[in-house]
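Have a look at the structure below before the remarks.
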2 protein chains.
Amino acid sequence: MENTGEVKVKSLYKCLKILECFTAKTPDLGITEIAKKLDLNKSNVFNMISTLVAAGYVEKNPTTDHYRLSLKMLEFSYVITSRIEYQAIVMQIMQRLSNELNHAVLFGVMHGTQVLYLYNTYPKSISNDYLVRSLMGEKAPLYCTSLGKAILSALPKEEVSAHLDDHLVPFTKTTLTSVEELMRDLKLSASRGFSVDNSEHEQGIRCIGVPVRARDGRLIGGMCVSGPVQHIPDDDIERLARNLISASFEIRNRT
Amino acid sequence: MENTGEVKVKSLYKCLKILECFTAKTPDLGITEIAKKLDLNKSNVFNMISTLVAAGYVEKNPTTDHYRLSLKMLEFSYVITSRIEYQAIVMQIMQRLSNELNHAVLFGVMHGTQVLYLYNTYPKSISNDYLVRSLMGEKAPLYCTSLGKAILSALPKEEVSAHLDDHLVPFTKTTLTSVEELMRDLKLSASRGFSVDNSEHEQGIRCIGVPVRARDGRLIGGMCVSGPVQHIPDDDIERLARNLISASFEIRNRT
DNA sequence: CATGTTGTTCTGTATTGTAGAACAGTATGC
DNA sequence: GCATACTGTTCTACAATACAGAACAACATG
């Protein structure tokens with residue numbers, strides 16, 4: 001007897017949809033704005049938001065007079081991340097990689113058709129190439145990121161399509177937008193053990209990714225180095241990949 | 001006309017209380033367990049949890065058969081952290097401090113009577129003294145942490161009591177448990193510009209903290225170095241504090 | 001086999017969420 | 001200065017719906 005995950009409390013489901021309206025691009029929202037976006041009644045949204053304010057999870061931005069998610073919401077992050085058993089090992093190895101390779105290193109997991117970034121580390125001497133920030137909770141498509149493609153390349157072929165968006169939207173000129181192209185790229189990645197993102201998601205950013213497994217062989221996520229194209233020249237890809245692969249191997253051995 | 005933050009949708013408020021049952025110490029919970037804890041009806045909790053599962057924010061732990069918060073919840077973290085404008089500057093300076101002082105550095109903000117940790121950095125060469133992990137979203141009392149006391153010491157005296165728990169619970173032998181003692185400590189911290197936590201929260205851990213302000217003078221949080229007592233000897237406190245103070249000053253100048 | 005746990009399903013009732021209209025407060029236009 | 005067009009907020013009446021309670025299934029445990 002399994003919980004099917006039915007929507008049994010409609011008002012609660014509505015509220016979650018309201019919370020999802022707050023995004024990195026639109027972190028500040030007004031009542032009417034939300035109501036329009038979700039086709040809900042103004043007073044309905046108002047009641048929900050008021051309750052969220054009462055509980056401390058939403059607050060009014062005093063300067064814009066709009067609502068936004070409050071820091072209290074971060075308390076949930078800690079509950080989630082502190083139960084990830086491989087966290088310490090992964091982060092330690094990532095930091096070492098960052099220092100050795102002098103690049104930002106990212107770790108993320110598969111989440112439907114997207115990568116969900118968990119950890120990121122920066123080189124010990126931080127240049128101005130990087131905007132230093134936590135990426136925890138950011139999402140990006142699997143099909144156009146090195147991290148995503150590394151994960152996809154480690155999946156059984158028949159499972160891949162379930163994790164692809166219906167339409168492979170081009171973000172840049174180099175984005176792979178046909179399934180055939182992508183599958184060929186994944187096959188190549190699988191055979192050589194690493195994936196490459198040649199500015200397929202963000203213009204001017206190149207990444208090299210590898211899948212990450214736990215001791216039991218279970219795929220736990222992916223890891224990549226990321227940086228401006230001019231800092232990751234073609235003839236350096238091999239070296240970076242080798243380091244990533246051995247780091248991934250070390251994680252596997254230490255989990 | 002201000003939103004008073006009334007609880008207008010009771011079922012939603014209940015659900016938030018359900019989510020709050022999931023903590024770092026008890027991340028896996030059963031239906032009955034939650035119902036008992038909150039004195040709610042089993043079927044009531046079941047309906048809520050089912051809805052949360054349907055929306056993807058809660059999942060069943062396949063090994064324990066209990067429920068837990070899912071990674072999807074982290075998406076909110078990114079929405080929140082990416083709107084913090086001083087993030088890049090603070091993290092960059094923290095990483096530099098970590099490297100220079102060879103200690104873990106923590107940054108957090110005041111949240112009621114608690115510190116809410118946001119960022120933490122580790123020295124470039126990570127020893128085994130540290131369990132490397134993200135502290136984002138973790139909480140600790142203001143009155144017994146260097147970070148908390150640094151923030152309190154920067155507040156107007158009359159505001160302090162509003163941010164103190166009713167009862168100053170002793171975590172260790174050295175925890176300051178009387179308001180008088182604490183106020184004296186805060187006065188000292190304010191005068192010299194830094195606070196010290198002598199294993200007042202966690203046995204064997206010593207921290208040195210300073211308040212952090214933005215350019216306009218507004219208090220945005222606190223920052224501290226933290227480590228095992230044997231690595232932060234008495235005669236090194238002054239040096240660490242000086243570095244922290246100048247780092248805090250630099251943040252202020254660059255925001 | 002009995003007892004005590006779970007999680008899950010179902011149903012009738014009354015609690016409560018919600019739509020819609022009305023109001024207040026602010027900004028922008030002419 | 002008077003409209004107009006936005007906001008967020010309050011109120012109320014009605015019906016949708018959340019919920020208590022009982023019952024059941026699936027496991028344990030003794």
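Identifiers in this document derive from the order of the structure tokens: chains are assigned A, B, ..., residues are numbered from 1 separately in each chain, and ligands are numbered from 1 in order of occurrence.
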
Review point. Can you list, as an MDAnalysis selection string, every protein, DNA or RNA residue that comes within 10 Å of Gly193 of chain A when you count only C-alpha atoms (C1' of nucleotides), leaving out same-chain residues fewer than 3 positions away?
Key: chainID A and resid 150 153:154 186:190 209:211 241:242 244:245

Generate a file of the selected residues that holds N, CA and C atoms, formatted as an mmCIF file, in the first residue's frame.
```cif
data_model
loop_
_atom_site.group_PDB
_atom_site.id
_atom_site.type_symbol
_atom_site.label_atom_id
_atom_site.label_comp_id
_atom_site.auth_asym_id
_atom_site.auth_seq_id
_atom_site.Cartn_x
_atom_site.Cartn_y
_atom_site.Cartn_z
ATOM 1 N N ALA A 150 26.837 14.636 -18.007
ATOM 2 C CA ALA A 150 27.626 13.587 -17.360
ATOM 3 C C ALA A 150 26.697 12.592 -16.674
ATOM 4 N N SER A 153 24.853 10.560 -19.299
ATOM 5 C CA SER A 153 25.731 9.594 -19.967
ATOM 6 C C SER A 153 25.951 8.350 -19.100
ATOM 7 N N ALA A 154 25.668 8.476 -17.811
ATOM 8 C CA ALA A 154 25.871 7.336 -16.914
ATOM 9 C C ALA A 154 24.595 6.523 -16.726
ATOM 10 N N LEU A 186 26.240 12.047 -25.742
ATOM 11 C CA LEU A 186 26.213 11.260 -24.503
ATOM 12 C C LEU A 186 27.025 9.973 -24.668
ATOM 13 N N LYS A 187 26.915 9.399 -25.847
ATOM 14 C CA LYS A 187 27.657 8.162 -26.115
ATOM 15 C C LYS A 187 29.160 8.430 -26.039
ATOM 16 N N LEU A 188 29.569 9.536 -26.655
ATOM 17 C CA LEU A 188 30.971 9.943 -26.610
ATOM 18 C C LEU A 188 31.405 10.174 -25.162
ATOM 19 N N SER A 189 30.569 10.901 -24.420
ATOM 20 C CA SER A 189 30.887 11.197 -23.022
ATOM 21 C C SER A 189 31.046 9.918 -22.216
ATOM 22 N N ALA A 190 30.132 8.977 -22.438
ATOM 23 C CA ALA A 190 30.180 7.715 -21.698
ATOM 24 C C ALA A 190 31.482 6.974 -21.989
ATOM 25 N N GLY A 209 32.424 17.836 -17.162
ATOM 26 C CA GLY A 209 31.735 17.133 -16.080
ATOM 27 C C GLY A 209 31.942 15.632 -16.073
ATOM 28 N N VAL A 210 31.781 15.059 -14.886
ATOM 29 C CA VAL A 210 31.861 13.602 -14.731
ATOM 30 C C VAL A 210 30.743 13.128 -13.804
ATOM 31 N N PRO A 211 30.294 11.900 -14.013
ATOM 32 C CA PRO A 211 29.314 11.351 -13.074
ATOM 33 C C PRO A 211 29.987 10.996 -11.763
ATOM 34 N N ALA A 241 39.825 16.845 -17.205
ATOM 35 C CA ALA A 241 38.970 15.654 -17.160
ATOM 36 C C ALA A 241 39.615 14.551 -16.337
ATOM 37 N N ARG A 242 40.908 14.348 -16.550
ATOM 38 C CA ARG A 242 41.614 13.305 -15.811
ATOM 39 C C ARG A 242 41.516 13.536 -14.306
ATOM 40 N N LEU A 244 39.229 15.288 -12.755
ATOM 41 C CA LEU A 244 37.840 15.089 -12.321
ATOM 42 C C LEU A 244 37.540 13.606 -12.139
ATOM 43 N N ILE A 245 37.993 12.822 -13.100
ATOM 44 C CA ILE A 245 37.703 11.392 -13.058
ATOM 45 C C ILE A 245 38.331 10.750 -11.821
#
```

Exercise for review: Please give the complete set of residues from segment 5-215 of chain A that DSSP, run on the backbone, assigns to strand (DSSP E), formatted as a count of residues only.
Suggested key: 38

Check your understanding: When the cut-off is 10 Å and we count only C-alpha atoms (C1' of nucleotides), which residues of chain A are near chain C, given as an MDAnalysis selection string?
Key -> chainID A and resid 1:3 10:11 40:45 47

Exercise for review: Compile the residues of chain A that lie within 6 Å of chain B, evaluated using only C-alpha atoms, and express the compilation as an MDAnalysis selection string.
Suggested key: chainID A and resid 5:8 12 23:24 47 50:51 53:54 74:75 77:79 88 124 131:133 136:138

Written selection (N, CA and C atoms) as a short mmCIF file (atom, residue, chain, number, x, y, z; two decimals), in the first residue's frame:
```
data_model
loop_
_atom_site.label_atom_id
_atom_site.label_comp_id
_atom_site.auth_asym_id
_atom_site.auth_seq_id
_atom_site.Cartn_x
_atom_site.Cartn_y
_atom_site.Cartn_z
N GLY A 5 0.52 9.99 -3.38
CA GLY A 5 0.83 11.40 -3.50
C GLY A 5 -0.26 12.19 -4.19
N GLU A 6 -1.48 11.92 -3.78
CA GLU A 6 -2.61 12.66 -4.34
C GLU A 6 -2.72 14.03 -3.70
N VAL A 7 -3.29 14.96 -4.43
CA VAL A 7 -3.57 16.26 -3.85
C VAL A 7 -4.87 16.16 -3.06
N LYS A 8 -4.75 16.12 -1.77
CA LYS A 8 -5.93 15.92 -0.93
C LYS A 8 -6.35 17.19 -0.22
N LEU A 12 -3.73 23.80 0.28
CA LEU A 12 -2.30 23.67 0.51
C LEU A 12 -1.54 23.60 -0.82
N THR A 23 10.74 33.40 -7.69
CA THR A 23 11.92 32.80 -8.32
C THR A 23 13.09 33.76 -8.20
N ALA A 24 14.27 33.27 -8.61
CA ALA A 24 15.46 34.12 -8.54
C ALA A 24 15.28 35.37 -9.41
N ASN A 47 -5.12 35.94 1.64
CA ASN A 47 -5.26 35.11 2.84
C ASN A 47 -4.10 34.14 3.00
N SER A 50 -0.93 36.13 3.90
CA SER A 50 -1.01 36.59 5.28
C SER A 50 -0.63 35.48 6.24
N THR A 51 -1.10 34.28 5.94
CA THR A 51 -0.79 33.14 6.79
C THR A 51 0.70 32.82 6.74
N VAL A 53 3.02 34.93 6.13
CA VAL A 53 3.68 36.00 6.88
C VAL A 53 3.60 35.71 8.37
N ALA A 54 2.42 35.31 8.80
CA ALA A 54 2.23 34.99 10.23
C ALA A 54 3.19 33.90 10.68
N LEU A 74 15.15 29.16 4.88
CA LEU A 74 16.45 28.48 4.79
C LEU A 74 16.61 27.41 5.85
N GLU A 75 15.81 27.50 6.91
CA GLU A 75 15.92 26.48 7.94
C GLU A 75 15.68 25.09 7.37
N SER A 77 16.57 24.11 4.44
CA SER A 77 17.77 23.69 3.72
C SER A 77 18.67 22.88 4.61
N TYR A 78 18.84 23.37 5.83
CA TYR A 78 19.77 22.70 6.72
C TYR A 78 19.28 21.30 7.08
N VAL A 79 17.97 21.19 7.27
CA VAL A 79 17.39 19.88 7.56
C VAL A 79 17.72 18.90 6.43
N ALA A 88 30.29 15.73 3.36
CA ALA A 88 31.62 16.12 3.81
C ALA A 88 32.70 15.66 2.83
N LYS A 124 41.44 28.74 -4.14
CA LYS A 124 41.87 29.44 -2.92
C LYS A 124 42.14 30.91 -3.19
N LEU A 131 31.79 35.36 -9.70
CA LEU A 131 30.91 35.98 -8.74
C LEU A 131 30.72 34.92 -7.66
N VAL A 132 31.38 35.12 -6.53
CA VAL A 132 31.37 34.09 -5.50
C VAL A 132 29.99 34.02 -4.85
N ARG A 133 29.34 32.89 -4.96
CA ARG A 133 28.02 32.75 -4.36
C ARG A 133 27.66 31.28 -4.22
N MET A 136 23.53 26.52 -4.19
CA MET A 136 22.62 25.51 -3.64
C MET A 136 21.16 25.80 -4.00
N GLY A 137 20.54 24.84 -4.66
CA GLY A 137 19.13 25.00 -5.02
C GLY A 137 18.90 25.55 -6.41
N GLU A 138 19.99 25.96 -7.11
CA GLU A 138 19.76 26.44 -8.47
C GLU A 138 19.53 25.26 -9.39
#
```

Closest contacts (chain D/chain B, max 10 Å, only C-alpha atoms (C1' of nucleotides)) as CSV:
```
residue,atom,partner,partner_atom,distance
D:DG8,C1',B:Met1,CA,7.9
D:DT9,C1',B:Met1,CA,7.3
D:DA18,C1',B:Ser11,CA,7.7
D:DC19,C1',B:Asn44,CA,6.2
D:DA20,C1',B:Asn41,CA,7.0
D:DG21,C1',B:Asn41,CA,9.0
```

Exercise for review: as a ChimeraX atom specification, please: all residues of segment 36-254 of chain B that backbone DSSP puts in alpha helix (DSSP H).
Suggested key: /B:36-38,42-55,74-81,87-101,146-153,157-160,179-192,237-254

Same residues, C-alpha atoms, output as a CSV table (one decimal), in the first residue's frame:
```csv
chain,number,residue,atom,x,y,z
B,36,LYS,CA,1.1,12.8,18.1
B,37,LYS,CA,3.6,15.6,18.2
B,38,LEU,CA,1.2,18.2,17.0
B,42,LYS,CA,-3.8,10.9,11.7
B,43,SER,CA,-5.9,11.2,8.6
B,44,ASN,CA,-5.5,15.0,8.8
B,45,VAL,CA,-1.7,14.6,8.7
B,46,PHE,CA,-1.9,12.0,6.1
B,47,ASN,CA,-3.9,14.2,3.7
B,48,MET,CA,-1.4,17.1,4.2
B,49,ILE,CA,1.7,14.9,3.7
B,50,SER,CA,0.1,13.3,0.6
B,51,THR,CA,-0.4,16.7,-0.9
B,52,LEU,CA,3.2,17.7,-0.1
B,53,VAL,CA,4.3,14.4,-1.8
B,54,ALA,CA,2.2,15.2,-4.8
B,55,ALA,CA,3.9,18.6,-5.0
B,74,LEU,CA,16.2,23.5,-1.8
B,75,GLU,CA,14.9,25.4,-4.8
B,76,PHE,CA,13.6,28.0,-2.4
B,77,SER,CA,17.1,28.5,-0.9
B,78,TYR,CA,18.4,29.7,-4.2
B,79,VAL,CA,15.6,32.2,-4.6
B,80,ILE,CA,16.4,33.6,-1.2
B,81,THR,CA,20.2,33.6,-1.3
B,87,GLN,CA,26.7,37.7,-0.8
B,88,ALA,CA,29.6,37.8,-3.2
B,89,ILE,CA,31.7,40.3,-1.2
B,90,VAL,CA,31.1,38.6,2.1
B,91,MET,CA,32.0,35.1,0.8
B,92,GLN,CA,35.1,36.3,-1.0
B,93,ILE,CA,36.4,38.0,2.1
B,94,MET,CA,35.5,35.0,4.2
B,95,GLN,CA,37.4,32.6,1.9
B,96,ARG,CA,40.5,34.9,2.1
B,97,LEU,CA,40.3,35.0,5.9
B,98,SER,CA,40.0,31.2,6.0
B,99,ASN,CA,43.1,30.8,3.9
B,100,GLU,CA,45.1,33.4,5.8
B,101,LEU,CA,44.1,32.4,9.3
B,146,SER,CA,30.5,34.4,19.3
B,147,LEU,CA,28.6,35.3,16.2
B,148,GLY,CA,25.4,35.9,18.2
B,149,LYS,CA,27.2,37.9,20.9
B,150,ALA,CA,29.0,40.0,18.3
B,151,ILE,CA,25.6,41.0,16.9
B,152,LEU,CA,24.1,41.6,20.3
B,153,SER,CA,27.0,43.7,21.3
B,157,LYS,CA,21.3,48.1,24.9
B,158,GLU,CA,17.6,48.4,25.1
B,159,GLU,CA,17.0,46.1,22.1
B,160,VAL,CA,19.1,43.3,23.4
B,179,VAL,CA,21.6,38.2,32.0
B,180,GLU,CA,23.9,40.3,34.1
B,181,GLU,CA,27.0,38.2,33.2
B,182,LEU,CA,25.9,38.3,29.6
B,183,MET,CA,25.4,42.0,29.5
B,184,ARG,CA,28.9,42.5,31.1
B,185,ASP,CA,30.3,40.3,28.4
B,186,LEU,CA,28.5,42.2,25.7
B,187,LYS,CA,29.8,45.5,27.1
B,188,LEU,CA,33.3,44.2,27.0
B,189,SER,CA,32.8,42.9,23.4
B,190,ALA,CA,31.4,46.2,22.3
B,191,SER,CA,34.4,48.1,23.7
B,192,ARG,CA,37.1,45.9,22.2
B,237,ILE,CA,42.9,35.6,20.1
B,238,GLU,CA,44.1,39.2,19.6
B,239,ARG,CA,45.6,38.5,16.2
B,240,LEU,CA,42.5,36.7,14.9
B,241,ALA,CA,40.3,39.4,16.2
B,242,ARG,CA,42.3,42.1,14.5
B,243,ASN,CA,42.0,40.2,11.2
B,244,LEU,CA,38.3,39.8,11.7
B,245,ILE,CA,37.8,43.4,12.5
B,246,SER,CA,39.7,44.6,9.4
B,247,ALA,CA,37.8,42.1,7.2
B,248,SER,CA,34.5,43.4,8.6
B,249,PHE,CA,35.7,46.9,7.8
B,250,GLU,CA,36.5,45.8,4.3
B,251,ILE,CA,33.0,44.4,3.8
B,252,ARG,CA,31.6,47.6,5.0
B,253,ASN,CA,33.7,49.6,2.5
B,254,ARG,CA,32.8,47.3,-0.4
```

Practice item. Determine the nearest neighbour of Gln114 of chain A from the options A:Asp129, A:Glu85, A:Asp165, A:Glu202, counting only C-alpha atoms. Key: A:Asp165

Point to revise | Two-atom distance - atom C1' of DC2 of chain D, atom CA of Ile31 of chain A (Å) | key: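 Result for atom C1' of DC2 of chain D versus atom CA of Ile31 of chain A: 28.0 Å, one decimal.
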